[in-house]
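As stored in work_38.txt (compact mmCIF, C-alpha atoms):
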# COMPACT_ATOMS: atom_id res chain seq x y z
CA MET A 37 158.14 118.18 16.70
CA SER A 38 157.33 121.65 18.06
CA THR A 39 160.05 124.10 19.07
CA ALA A 40 158.97 124.00 22.72
CA ASN A 41 159.11 120.20 22.80
CA ALA A 42 162.48 120.18 21.05
CA THR A 43 164.07 122.63 23.45
CA ALA A 44 162.84 120.89 26.62
CA PRO A 45 165.48 118.10 26.61
CA ALA A 46 168.18 120.63 25.72
CA ALA A 47 167.08 122.84 28.62
CA VAL A 48 167.29 119.91 31.02
CA THR A 49 170.79 119.06 29.75
CA ALA A 50 171.95 122.67 30.10
CA ASP A 51 170.44 122.85 33.57
CA SER A 52 172.47 119.83 34.70
CA ARG A 53 175.73 121.62 33.81
CA ILE A 54 175.06 124.61 36.06
CA THR A 55 177.03 124.59 39.31
CA LEU A 56 175.56 125.12 42.78
CA ARG A 57 177.09 128.60 42.83
CA GLY A 58 175.40 129.33 39.54
CA HIS A 59 172.04 128.16 40.88
CA LEU A 60 172.43 130.38 43.93
CA ARG A 61 173.36 133.38 41.78
CA HIS A 62 170.39 132.80 39.49
CA THR A 63 168.05 132.39 42.45
CA GLY A 64 169.28 135.66 43.97
CA ALA A 65 168.77 137.52 40.70
CA LEU A 66 165.23 136.16 40.33
CA VAL A 67 164.39 137.00 43.95
CA ARG A 68 165.49 140.57 43.25
CA ARG A 69 163.34 140.60 40.09
CA ASN A 70 160.28 139.40 42.01
CA LEU A 71 160.82 141.94 44.80
CA LEU A 72 161.13 144.76 42.25
CA TRP A 73 157.85 143.57 40.73
CA ILE A 74 156.17 143.82 44.14
CA LYS A 75 157.63 147.32 44.54
CA GLN A 76 156.07 148.34 41.23
CA ASP A 77 152.76 146.67 42.15
CA PRO A 78 152.25 147.29 45.89
CA GLU A 79 148.63 146.13 45.60
CA SER A 80 150.00 142.57 45.45
CA MET A 81 150.77 142.92 49.16
CA PHE A 82 147.19 143.73 50.14
CA ASP A 83 146.40 140.12 51.01
CA ALA A 84 149.46 139.87 53.27
CA LEU A 85 148.44 143.12 54.98
CA LEU A 86 144.67 142.74 55.28
CA MET A 87 144.18 139.00 55.75
CA PRO A 88 145.77 138.84 59.23
CA ILE A 89 143.79 141.87 60.35
CA ILE A 90 140.42 140.68 59.04
CA PHE A 91 140.73 137.08 60.23
CA THR A 92 141.99 138.05 63.68
CA LEU A 93 139.23 140.60 64.30
CA LEU A 94 136.58 138.29 62.82
CA PHE A 95 137.35 135.24 64.93
CA VAL A 96 138.19 137.10 68.15
CA PHE A 97 135.14 139.37 68.23
CA VAL A 98 132.58 137.10 66.54
CA PHE A 99 133.48 133.72 68.01
CA GLY A 100 135.73 134.68 70.93
CA GLY A 101 133.04 134.98 73.58
CA SER A 102 131.24 131.69 72.95
CA ILE A 103 134.30 129.53 72.26
CA GLY A 104 136.16 131.23 75.10
CA LYS A 105 133.43 130.11 77.51
CA ALA A 106 133.78 126.55 76.22
CA LEU A 107 137.49 126.82 77.01
CA GLY A 108 136.65 127.81 80.58
CA GLY A 109 137.26 131.52 80.22
CA GLY A 110 136.10 134.28 77.91
CA GLN A 111 137.32 136.28 74.97
CA ASP A 112 140.75 136.74 76.55
CA GLN A 113 141.10 132.97 76.88
CA TYR A 114 140.16 132.51 73.24
CA VAL A 115 142.74 135.07 72.10
CA GLN A 116 145.48 133.00 73.73
CA TYR A 117 144.08 129.92 72.01
CA VAL A 118 143.45 131.17 68.49
CA ILE A 119 146.49 133.37 67.76
CA PRO A 120 148.98 130.45 67.61
CA GLY A 121 146.46 128.67 65.40
CA MET A 122 146.28 131.74 63.15
CA LEU A 123 150.02 131.48 62.61
CA ALA A 124 149.48 127.93 61.36
CA MET A 125 146.62 129.08 59.13
CA MET A 126 148.77 131.86 57.68
CA SER A 127 151.42 129.38 56.59
CA MET A 128 148.84 127.49 54.52
CA THR A 129 146.80 130.41 53.19
CA MET A 130 149.77 132.48 52.00
CA SER A 131 151.25 129.43 50.29
CA GLN A 132 148.43 129.44 47.77
CA GLY A 133 149.71 132.67 46.22
CA VAL A 134 152.83 131.02 44.85
CA GLY A 135 150.73 128.75 42.64
CA THR A 136 148.45 131.43 41.24
CA GLY A 137 151.41 133.74 40.61
CA PHE A 138 153.31 130.97 38.86
CA SER A 139 150.34 130.21 36.62
CA GLN A 140 149.96 133.90 35.72
CA ASP A 141 153.64 134.05 34.75
CA PHE A 142 153.13 131.10 32.41
CA ASN A 143 150.08 132.65 30.78
CA SER A 144 151.78 136.05 30.36
CA GLY A 145 154.82 134.54 28.64
CA VAL A 146 157.31 135.39 31.38
CA MET A 147 158.13 131.73 31.97
CA ASP A 148 158.81 131.20 28.26
CA ARG A 149 161.49 133.85 28.50
CA PHE A 150 162.98 132.31 31.63
CA ARG A 151 163.03 128.86 30.02
CA SER A 152 164.90 130.27 27.01
CA LEU A 153 167.69 131.65 29.21
CA PRO A 154 170.73 129.62 30.37
CA ILE A 155 169.62 129.60 34.02
CA GLY A 156 168.89 126.81 36.46
CA ARG A 157 165.27 125.76 36.11
CA GLY A 158 165.05 125.01 39.81
CA SER A 159 166.21 128.56 40.53
CA VAL A 160 162.95 129.94 39.15
CA LEU A 161 160.96 127.85 41.62
CA PHE A 162 163.25 128.50 44.59
CA ALA A 163 163.06 132.25 43.95
CA LYS A 164 159.26 132.12 43.92
CA ILE A 165 159.25 130.27 47.24
CA ALA A 166 161.73 132.70 48.81
CA VAL A 167 159.61 135.73 47.90
CA GLU A 168 156.38 134.10 49.08
CA LEU A 169 158.04 133.21 52.38
CA ALA A 170 159.03 136.86 52.73
CA ARG A 171 155.40 137.83 52.15
CA MET A 172 154.32 135.28 54.74
CA LEU A 173 156.76 136.69 57.30
CA PHE A 174 155.38 140.18 56.63
CA ALA A 175 151.86 138.85 57.22
CA THR A 176 153.09 137.20 60.44
CA VAL A 177 154.42 140.52 61.73
CA VAL A 178 151.07 142.16 60.96
CA LEU A 179 149.24 139.30 62.68
CA MET A 180 151.31 139.61 65.86
CA ILE A 181 150.82 143.39 66.01
CA VAL A 182 147.05 142.94 65.76
CA ALA A 183 147.21 140.04 68.23
CA VAL A 184 148.90 142.19 70.87
CA LEU A 185 146.34 144.95 70.29
CA VAL A 186 143.45 142.53 70.95
CA GLY A 187 145.05 141.22 74.14
CA PHE A 188 147.45 138.42 73.23
CA HIS A 189 150.28 137.98 75.74
CA ILE A 190 153.64 136.90 74.37
CA THR A 191 154.92 134.73 77.21
CA SER A 192 157.97 133.39 75.37
CA TRP A 193 159.84 135.26 72.65
CA SER A 194 161.97 132.20 71.94
CA GLY A 195 158.76 130.18 71.57
CA LEU A 196 157.40 132.79 69.15
CA LEU A 197 160.57 132.63 67.03
CA ALA A 198 160.47 128.82 67.07
CA THR A 199 156.84 128.92 65.95
CA VAL A 200 157.68 131.26 63.08
CA GLY A 201 160.50 128.94 62.05
CA LEU A 202 158.23 125.89 62.18
CA SER A 203 155.49 127.68 60.22
CA THR A 204 158.05 128.75 57.61
CA LEU A 205 159.28 125.18 57.23
CA PHE A 206 155.75 123.87 56.78
CA ALA A 207 154.79 126.69 54.40
CA SER A 208 157.80 126.02 52.18
CA SER A 209 156.74 122.38 51.85
CA ILE A 210 153.14 123.28 50.94
CA MET A 211 154.39 125.76 48.34
CA TRP A 212 155.80 122.86 46.33
CA VAL A 213 152.27 121.50 46.07
CA PHE A 214 150.92 124.79 44.77
CA LEU A 215 153.88 125.25 42.42
CA THR A 216 153.03 121.88 40.90
CA LEU A 217 149.41 123.01 40.48
CA GLY A 218 150.64 126.25 38.93
CA VAL A 219 152.57 124.26 36.31
CA VAL A 220 149.99 121.60 35.43
CA MET A 221 146.78 123.66 35.57
CA LYS A 222 145.91 126.00 32.73
CA SER A 223 144.82 129.12 34.59
CA ALA A 224 145.34 130.98 37.85
CA GLN A 225 141.61 130.68 38.51
CA SER A 226 141.87 126.87 38.35
CA VAL A 227 144.79 126.91 40.78
CA GLN A 228 142.85 129.16 43.15
CA ALA A 229 139.74 126.98 42.98
CA MET A 230 141.75 123.82 43.65
CA GLY A 231 143.53 125.61 46.47
CA PHE A 232 140.27 126.43 48.21
CA LEU A 233 139.15 122.81 47.90
CA VAL A 234 142.35 121.80 49.70
CA LEU A 235 142.54 124.67 52.20
CA PHE A 236 139.01 124.68 53.62
CA PRO A 237 138.86 121.06 54.85
CA LEU A 238 142.38 121.26 56.27
CA GLN A 239 141.82 124.59 58.04
CA PHE A 240 138.36 124.05 59.46
CA GLY A 241 138.87 120.34 60.10
CA SER A 242 141.66 121.15 62.52
CA SER A 243 142.32 122.59 65.96
CA ILE A 244 143.18 126.04 64.57
CA PHE A 245 139.95 127.81 65.53
CA ALA A 246 138.35 125.54 68.12
CA PRO A 247 139.15 122.45 70.22
CA THR A 248 138.41 119.16 68.52
CA GLN A 249 136.89 117.30 71.51
CA SER A 250 133.30 118.18 70.55
CA MET A 251 133.73 117.08 66.92
CA PRO A 252 132.27 113.76 65.68
CA GLY A 253 134.56 110.78 66.06
CA TRP A 254 135.29 110.45 62.34
CA LEU A 255 136.25 114.14 62.14
CA GLN A 256 138.47 113.85 65.21
CA ALA A 257 140.26 110.97 63.48
CA PHE A 258 140.87 113.30 60.52
CA THR A 259 142.16 116.11 62.71
CA ASP A 260 144.62 113.74 64.41
CA TYR A 261 146.38 113.28 61.05
CA ASN A 262 145.89 116.85 59.85
CA PRO A 263 149.28 118.62 59.78
CA LEU A 264 147.61 121.96 60.47
CA SER A 265 146.35 120.58 63.79
CA THR A 266 149.81 119.44 64.84
CA LEU A 267 151.29 122.75 63.70
CA ALA A 268 148.68 124.75 65.63
CA ASP A 269 149.08 122.61 68.76
CA ALA A 270 152.88 122.85 68.57
CA ALA A 271 152.57 126.62 68.21
CA ARG A 272 150.38 126.80 71.32
CA GLY A 273 152.83 124.72 73.29
CA LEU A 274 155.73 126.93 72.22
CA MET A 275 153.97 130.27 72.68
CA VAL A 276 151.65 129.85 75.67
CA GLY A 277 152.83 126.60 77.26
CA GLY A 278 151.83 122.97 77.01
CA PRO A 279 152.99 119.75 75.31
CA VAL A 280 155.25 120.39 72.33
CA THR A 281 157.49 117.45 71.41
CA HIS A 282 155.02 115.13 69.69
CA ASP A 283 153.27 117.81 67.62
CA LEU A 284 156.60 119.45 66.77
CA TRP A 285 158.14 116.29 65.34
CA VAL A 286 154.97 115.25 63.52
CA THR A 287 154.86 118.67 61.83
CA VAL A 288 158.53 118.46 60.88
CA GLY A 289 157.90 114.95 59.53
CA TRP A 290 155.00 116.17 57.41
CA SER A 291 157.10 119.07 56.09
CA VAL A 292 160.04 116.86 55.13
CA ALA A 293 157.80 114.22 53.53
CA ILE A 294 155.79 116.72 51.47
CA THR A 295 158.97 118.45 50.27
CA ALA A 296 160.69 115.16 49.43
CA VAL A 297 157.73 114.08 47.30
CA MET A 298 156.54 117.32 45.71
CA ALA A 299 159.77 119.28 45.08
CA PRO A 300 161.12 116.78 42.51
CA VAL A 301 157.67 116.59 40.90
CA ALA A 302 157.38 120.38 40.61
CA ILE A 303 160.90 120.77 39.18
CA HIS A 304 160.38 117.92 36.71
CA LYS A 305 157.02 119.28 35.54
CA PHE A 306 158.52 122.74 35.09
CA ARG A 307 161.53 121.45 33.15
CA THR A 308 159.44 119.33 30.78
CA LYS A 309 156.39 121.55 30.34
CA SER A 310 155.86 122.27 26.65

Mind converting the file's structure to structure tokens?
Amino acid sequence: MSTANATAPAAVTADSRITLRGHLRHTGALVRRNLLWIKQDPESMFDALLMPIIFTLLFVFVFGGSIGKALGGGQDQYVQYVIPGMLAMMSMTMSQGVGTGFSQDFNSGVMDRFRSLPIGRGSVLFAKIAVELARMLFATVVLMIVAVLVGFHITSWSGLLATVGLSTLFASSIMWVFLTLGVVMKSAQSVQAMGFLVLFPLQFGSSIFAPTQSMPGWLQAFTDYNPLSTLADAARGLMVGGPVTHDLWVTVGWSVAITAVMAPVAIHKFRTKS
């Protein structure tokens, strides 16, 4: 039996003896480690800085006029429509980074060192999620600054904060999916490729960028069950007015269900990976 395989059961046993306070302390230390890494490598924040700017300008100035007319207005009308949807998109797009980063840590040997230390295995994953959520919140701030500059009107600050909270909840659930991919797939490139295969249908087969009424019936049926559609529609209701309750609870339901299924899978795969 290999050394890695032999130490896996022992690691799981040691992990079970760590108290909640110990897990929290380990998570805090790992969060600090990850933040220091970002400080040493500021280029890792380029996606969080540039993605909101590029996507906002692209969709507003390329598609804003034509889709805005379909909405019964113009570019200004489209800005009010698409910005809440962009918040939903950001929660999904930024979540992908946690999987690629996790895979890179495995391939560089960092995870082997972590797994040899007497720390909670779940703490490693929770710390990754916490730092990626911080990156997502940074990207959200950038998005809202650009949104205001292109004409978005914040009609409800409480609605904006509720939208950020809902997006954070959904993003944290999706991160468990990408963490699992980061553990089971052999390279960061594979995680990224799989992420795009998941992200594109969910993002463009939703109400994020355009209303779904003109879509074919089979695609509308897909968008009705797409959590990004319910998240985007809930965000619009909270930020610019409209129905909220149904989309809000469906999004929360999706978030809880995904976390309940994928968090145990990700932790188990990480504990037993040889």

Next item on the list: With a distance cut-off of 10 Å and all atoms listed in the file, select the neighbouring residues of Pro88 (chain A), excluding the residue or stretch itself and same-chain residues fewer than 6 positions from it, and output the selection as a PyMOL selection string.
Entry: chain A and resi 94+122-123+125-126+175-183

Go ahead and write the selection's residues with C-alpha atoms as a tab-separated table (two decimals), keeping the file's coordinate frame.
chain	number	residue	atom	x	y	z
A	94	LEU	CA	136.58	138.29	62.82
A	122	MET	CA	146.28	131.74	63.15
A	123	LEU	CA	150.02	131.48	62.61
A	125	MET	CA	146.62	129.08	59.13
A	126	MET	CA	148.77	131.86	57.68
A	175	ALA	CA	151.86	138.85	57.22
A	176	THR	CA	153.09	137.20	60.44
A	177	VAL	CA	154.42	140.52	61.73
A	178	VAL	CA	151.07	142.16	60.96
A	179	LEU	CA	149.24	139.30	62.68
A	180	MET	CA	151.31	139.61	65.86
A	181	ILE	CA	150.82	143.39	66.01
A	182	VAL	CA	147.05	142.94	65.76
A	183	ALA	CA	147.21	140.04	68.23

Could you build a table of the residues in region 134-190 of chain A lying no more than 10 Å from region 65-81 of chain A, giving for each the nearest pair of atoms and their separation in Å rounded to one decimal place, using all atoms listed in the file, ordered by chain and ascending residue number, as a Markdown table?
| residue | atom | partner | partner_atom | distance |
| --- | --- | --- | --- | --- |
| A:Phe150 | CA | A:Leu66 | CA | 9.8 |
| A:Ser159 | CA | A:Leu66 | CA | 7.7 |
| A:Val160 | CA | A:Leu66 | CA | 6.7 |
| A:Leu161 | CA | A:Leu66 | CA | 9.4 |
| A:Phe162 | CA | A:Val67 | CA | 8.6 |
| A:Ala163 | CA | A:Val67 | CA | 4.9 |
| A:Lys164 | CA | A:Val67 | CA | 7.1 |
| A:Ile165 | CA | A:Val67 | CA | 9.1 |
| A:Ala166 | CA | A:Val67 | CA | 7.0 |
| A:Val167 | CA | A:Val67 | CA | 6.3 |
| A:Glu168 | CA | A:Asn70 | CA | 9.7 |
| A:Ala170 | CA | A:Leu71 | CA | 9.6 |
| A:Arg171 | CA | A:Met81 | CA | 7.5 |
| A:Phe174 | CA | A:Met81 | CA | 9.2 |
| A:Ala175 | CA | A:Met81 | CA | 9.1 |

Restricting the output to C-alpha atoms, write the selected residues as a PDB file, in the frame of the given file.
ATOM      1  CA  PHE A 150     162.980 132.310  31.630  1.00  0.00           C
ATOM      2  CA  SER A 159     166.210 128.560  40.530  1.00  0.00           C
ATOM      3  CA  VAL A 160     162.950 129.940  39.150  1.00  0.00           C
ATOM      4  CA  LEU A 161     160.960 127.850  41.620  1.00  0.00           C
ATOM      5  CA  PHE A 162     163.250 128.500  44.590  1.00  0.00           C
ATOM      6  CA  ALA A 163     163.060 132.250  43.950  1.00  0.00           C
ATOM      7  CA  LYS A 164     159.260 132.120  43.920  1.00  0.00           C
ATOM      8  CA  ILE A 165     159.250 130.270  47.240  1.00  0.00           C
ATOM      9  CA  ALA A 166     161.730 132.700  48.810  1.00  0.00           C
ATOM     10  CA  VAL A 167     159.610 135.730  47.900  1.00  0.00           C
ATOM     11  CA  GLU A 168     156.380 134.100  49.080  1.00  0.00           C
ATOM     12  CA  ALA A 170     159.030 136.860  52.730  1.00  0.00           C
ATOM     13  CA  ARG A 171     155.400 137.830  52.150  1.00  0.00           C
ATOM     14  CA  PHE A 174     155.380 140.180  56.630  1.00  0.00           C
ATOM     15  CA  ALA A 175     151.860 138.850  57.220  1.00  0.00           C
TER      16      ALA A 175
END

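CA of Thr248 (chain A) to CA of Leu274 (chain A) spans 19.3 Å [interatomic distance, one decimal].
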
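In terms of minimum interatomic distance to Ala84 (chain A), A:Gly133 ranks closest within A:Gly108, A:Gly100, A:Gly133, A:Gly64, counting only C-alpha atoms.
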
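For the pair CA of Met221 (chain A) and CA of His304 (chain A), the separation is 14.8 Å.
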
Check: In Å, how far is it from CA of Leu235 (chain A) to CA of Met128 (chain A)?
Finding: 7.3 Å

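Around the coordinate (155.6, 126.8, 32.7), residues that reach within 7 Å when counting only C-alpha atoms are Phe142, Met147, Val219, Phe306 and Lys309 of chain A.
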
Margin query: When you look at Pro120 (chain A) with a cut-off of 12 Å (counting only C-alpha atoms), what residues show up, excluding the ones that are within fewer than 3 positions of it in the same chain? I need them as a ChimeraX atom specification.
Written below: /A:92,114-117,123-127,176,179-180,183,188-190,195-200,202-203,243-246,264-277

Item checked: Minimum-distance residue to Leu85 (chain A), chosen among A:Val186, A:Met130, A:Pro263, A:Gly156 (using all atoms listed in the file) -> A:Met130

Margin query: So, with only C-alpha atoms as the atoms that count, which of A:Ser242, A:Val220, A:Ser131, A:Ser226 lies closest to Ala207 (chain A)?
Written below: A:Ser131

Check: Pick from A:Thr55, A:Asn262, A:Thr136, A:Ser250: nearest to Leu238 (chain A), with only C-alpha atoms counted?
Finding: A:Asn262

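With distances restricted to only C-alpha atoms, A:Gln132 is the closest residue to Gly231 (chain A) from A:Thr308, A:Thr295, A:Ser208, A:Gln132.
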
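With distances taken over all atoms listed in the file, A:Thr63 is the one residue among A:Ser102, A:Gln113, A:Thr204, A:Thr63 lying closest to Arg157 (chain A).
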
Can I get region 126-159 of chain A with N, CA and C atoms filled in, as a PDB file, keeping the file's coordinate frame?
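Saved the output as result.pdb:
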ATOM      1  N   MET A 126     148.088 130.943  58.581  1.00  0.00           N
ATOM      2  CA  MET A 126     148.770 131.860  57.680  1.00  0.00           C
ATOM      3  C   MET A 126     149.769 131.121  56.798  1.00  0.00           C
ATOM      4  N   SER A 127     150.426 130.119  57.359  1.00  0.00           N
ATOM      5  CA  SER A 127     151.420 129.380  56.590  1.00  0.00           C
ATOM      6  C   SER A 127     150.781 128.646  55.425  1.00  0.00           C
ATOM      7  N   MET A 128     149.546 128.190  55.590  1.00  0.00           N
ATOM      8  CA  MET A 128     148.840 127.490  54.520  1.00  0.00           C
ATOM      9  C   MET A 128     148.208 128.470  53.536  1.00  0.00           C
ATOM     10  N   THR A 129     147.539 129.490  54.045  1.00  0.00           N
ATOM     11  CA  THR A 129     146.800 130.410  53.190  1.00  0.00           C
ATOM     12  C   THR A 129     147.735 131.199  52.274  1.00  0.00           C
ATOM     13  N   MET A 130     148.841 131.706  52.815  1.00  0.00           N
ATOM     14  CA  MET A 130     149.770 132.480  52.000  1.00  0.00           C
ATOM     15  C   MET A 130     150.479 131.621  50.976  1.00  0.00           C
ATOM     16  N   SER A 131     150.566 130.317  51.230  1.00  0.00           N
ATOM     17  CA  SER A 131     151.250 129.430  50.290  1.00  0.00           C
ATOM     18  C   SER A 131     150.511 129.331  48.966  1.00  0.00           C
ATOM     19  N   GLN A 132     149.223 129.552  48.985  1.00  0.00           N
ATOM     20  CA  GLN A 132     148.430 129.440  47.770  1.00  0.00           C
ATOM     21  C   GLN A 132     148.868 130.445  46.721  1.00  0.00           C
ATOM     22  N   GLY A 133     149.333 131.611  47.154  1.00  0.00           N
ATOM     23  CA  GLY A 133     149.710 132.670  46.220  1.00  0.00           C
ATOM     24  C   GLY A 133     150.826 132.290  45.283  1.00  0.00           C
ATOM     25  N   VAL A 134     151.707 131.390  45.713  1.00  0.00           N
ATOM     26  CA  VAL A 134     152.830 131.020  44.850  1.00  0.00           C
ATOM     27  C   VAL A 134     152.334 130.263  43.625  1.00  0.00           C
ATOM     28  N   GLY A 135     151.270 129.493  43.765  1.00  0.00           N
ATOM     29  CA  GLY A 135     150.730 128.750  42.640  1.00  0.00           C
ATOM     30  C   GLY A 135     150.014 129.637  41.639  1.00  0.00           C
ATOM     31  N   THR A 136     149.170 130.543  42.138  1.00  0.00           N
ATOM     32  CA  THR A 136     148.450 131.430  41.240  1.00  0.00           C
ATOM     33  C   THR A 136     149.410 132.375  40.524  1.00  0.00           C
ATOM     34  N   GLY A 137     150.417 132.878  41.237  1.00  0.00           N
ATOM     35  CA  GLY A 137     151.410 133.740  40.610  1.00  0.00           C
ATOM     36  C   GLY A 137     152.207 133.022  39.538  1.00  0.00           C
ATOM     37  N   PHE A 138     152.547 131.763  39.817  1.00  0.00           N
ATOM     38  CA  PHE A 138     153.310 130.970  38.860  1.00  0.00           C
ATOM     39  C   PHE A 138     152.490 130.733  37.592  1.00  0.00           C
ATOM     40  N   SER A 139     151.207 130.426  37.759  1.00  0.00           N
ATOM     41  CA  SER A 139     150.340 130.210  36.620  1.00  0.00           C
ATOM     42  C   SER A 139     150.194 131.482  35.792  1.00  0.00           C
ATOM     43  N   GLN A 140     150.069 132.628  36.432  1.00  0.00           N
ATOM     44  CA  GLN A 140     149.960 133.900  35.720  1.00  0.00           C
ATOM     45  C   GLN A 140     151.224 134.183  34.916  1.00  0.00           C
ATOM     46  N   ASP A 141     152.383 133.848  35.476  1.00  0.00           N
ATOM     47  CA  ASP A 141     153.640 134.050  34.750  1.00  0.00           C
ATOM     48  C   ASP A 141     153.700 133.173  33.505  1.00  0.00           C
ATOM     49  N   PHE A 142     153.176 131.955  33.591  1.00  0.00           N
ATOM     50  CA  PHE A 142     153.130 131.100  32.410  1.00  0.00           C
ATOM     51  C   PHE A 142     152.232 131.695  31.343  1.00  0.00           C
ATOM     52  N   ASN A 143     151.056 132.145  31.747  1.00  0.00           N
ATOM     53  CA  ASN A 143     150.080 132.650  30.780  1.00  0.00           C
ATOM     54  C   ASN A 143     150.506 133.985  30.170  1.00  0.00           C
ATOM     55  N   SER A 144     151.315 134.754  30.886  1.00  0.00           N
ATOM     56  CA  SER A 144     151.780 136.050  30.360  1.00  0.00           C
ATOM     57  C   SER A 144     153.019 135.926  29.489  1.00  0.00           C
ATOM     58  N   GLY A 145     153.622 134.747  29.457  1.00  0.00           N
ATOM     59  CA  GLY A 145     154.820 134.540  28.640  1.00  0.00           C
ATOM     60  C   GLY A 145     156.125 134.750  29.361  1.00  0.00           C
ATOM     61  N   VAL A 146     156.074 135.159  30.624  1.00  0.00           N
ATOM     62  CA  VAL A 146     157.310 135.390  31.380  1.00  0.00           C
ATOM     63  C   VAL A 146     158.112 134.108  31.515  1.00  0.00           C
ATOM     64  N   MET A 147     157.426 132.997  31.781  1.00  0.00           N
ATOM     65  CA  MET A 147     158.130 131.730  31.970  1.00  0.00           C
ATOM     66  C   MET A 147     158.778 131.244  30.669  1.00  0.00           C
ATOM     67  N   ASP A 148     158.184 131.565  29.531  1.00  0.00           N
ATOM     68  CA  ASP A 148     158.810 131.200  28.260  1.00  0.00           C
ATOM     69  C   ASP A 148     160.161 131.891  28.111  1.00  0.00           C
ATOM     70  N   ARG A 149     160.219 133.125  28.566  1.00  0.00           N
ATOM     71  CA  ARG A 149     161.490 133.850  28.500  1.00  0.00           C
ATOM     72  C   ARG A 149     162.506 133.236  29.455  1.00  0.00           C
ATOM     73  N   PHE A 150     162.071 132.933  30.670  1.00  0.00           N
ATOM     74  CA  PHE A 150     162.980 132.310  31.630  1.00  0.00           C
ATOM     75  C   PHE A 150     163.522 130.986  31.097  1.00  0.00           C
ATOM     76  N   ARG A 151     162.640 130.188  30.486  1.00  0.00           N
ATOM     77  CA  ARG A 151     163.030 128.860  30.020  1.00  0.00           C
ATOM     78  C   ARG A 151     163.939 128.924  28.804  1.00  0.00           C
ATOM     79  N   SER A 152     163.998 130.104  28.145  1.00  0.00           N
ATOM     80  CA  SER A 152     164.900 130.270  27.010  1.00  0.00           C
ATOM     81  C   SER A 152     166.285 130.749  27.437  1.00  0.00           C
ATOM     82  N   LEU A 153     166.418 131.134  28.707  1.00  0.00           N
ATOM     83  CA  LEU A 153     167.690 131.650  29.210  1.00  0.00           C
ATOM     84  C   LEU A 153     168.527 130.510  29.803  1.00  0.00           C
ATOM     85  N   PRO A 154     169.849 130.659  29.800  1.00  0.00           N
ATOM     86  CA  PRO A 154     170.730 129.620  30.370  1.00  0.00           C
ATOM     87  C   PRO A 154     170.805 129.726  31.899  1.00  0.00           C
ATOM     88  N   ILE A 155     169.675 129.530  32.566  1.00  0.00           N
ATOM     89  CA  ILE A 155     169.620 129.600  34.020  1.00  0.00           C
ATOM     90  C   ILE A 155     169.087 128.282  34.571  1.00  0.00           C
ATOM     91  N   GLY A 156     169.391 128.015  35.821  1.00  0.00           N
ATOM     92  CA  GLY A 156     168.890 126.810  36.460  1.00  0.00           C
ATOM     93  C   GLY A 156     167.379 126.828  36.560  1.00  0.00           C
ATOM     94  N   ARG A 157     166.730 125.790  36.065  1.00  0.00           N
ATOM     95  CA  ARG A 157     165.270 125.760  36.110  1.00  0.00           C
ATOM     96  C   ARG A 157     164.764 125.739  37.544  1.00  0.00           C
ATOM     97  N   GLY A 158     165.457 125.022  38.414  1.00  0.00           N
ATOM     98  CA  GLY A 158     165.050 125.010  39.810  1.00  0.00           C
ATOM     99  C   GLY A 158     165.150 126.366  40.463  1.00  0.00           C
ATOM    100  N   SER A 159     166.042 127.236  39.955  1.00  0.00           N
ATOM    101  CA  SER A 159     166.210 128.560  40.530  1.00  0.00           C
ATOM    102  C   SER A 159     164.944 129.386  40.423  1.00  0.00           C
TER     103      SER A 159
END
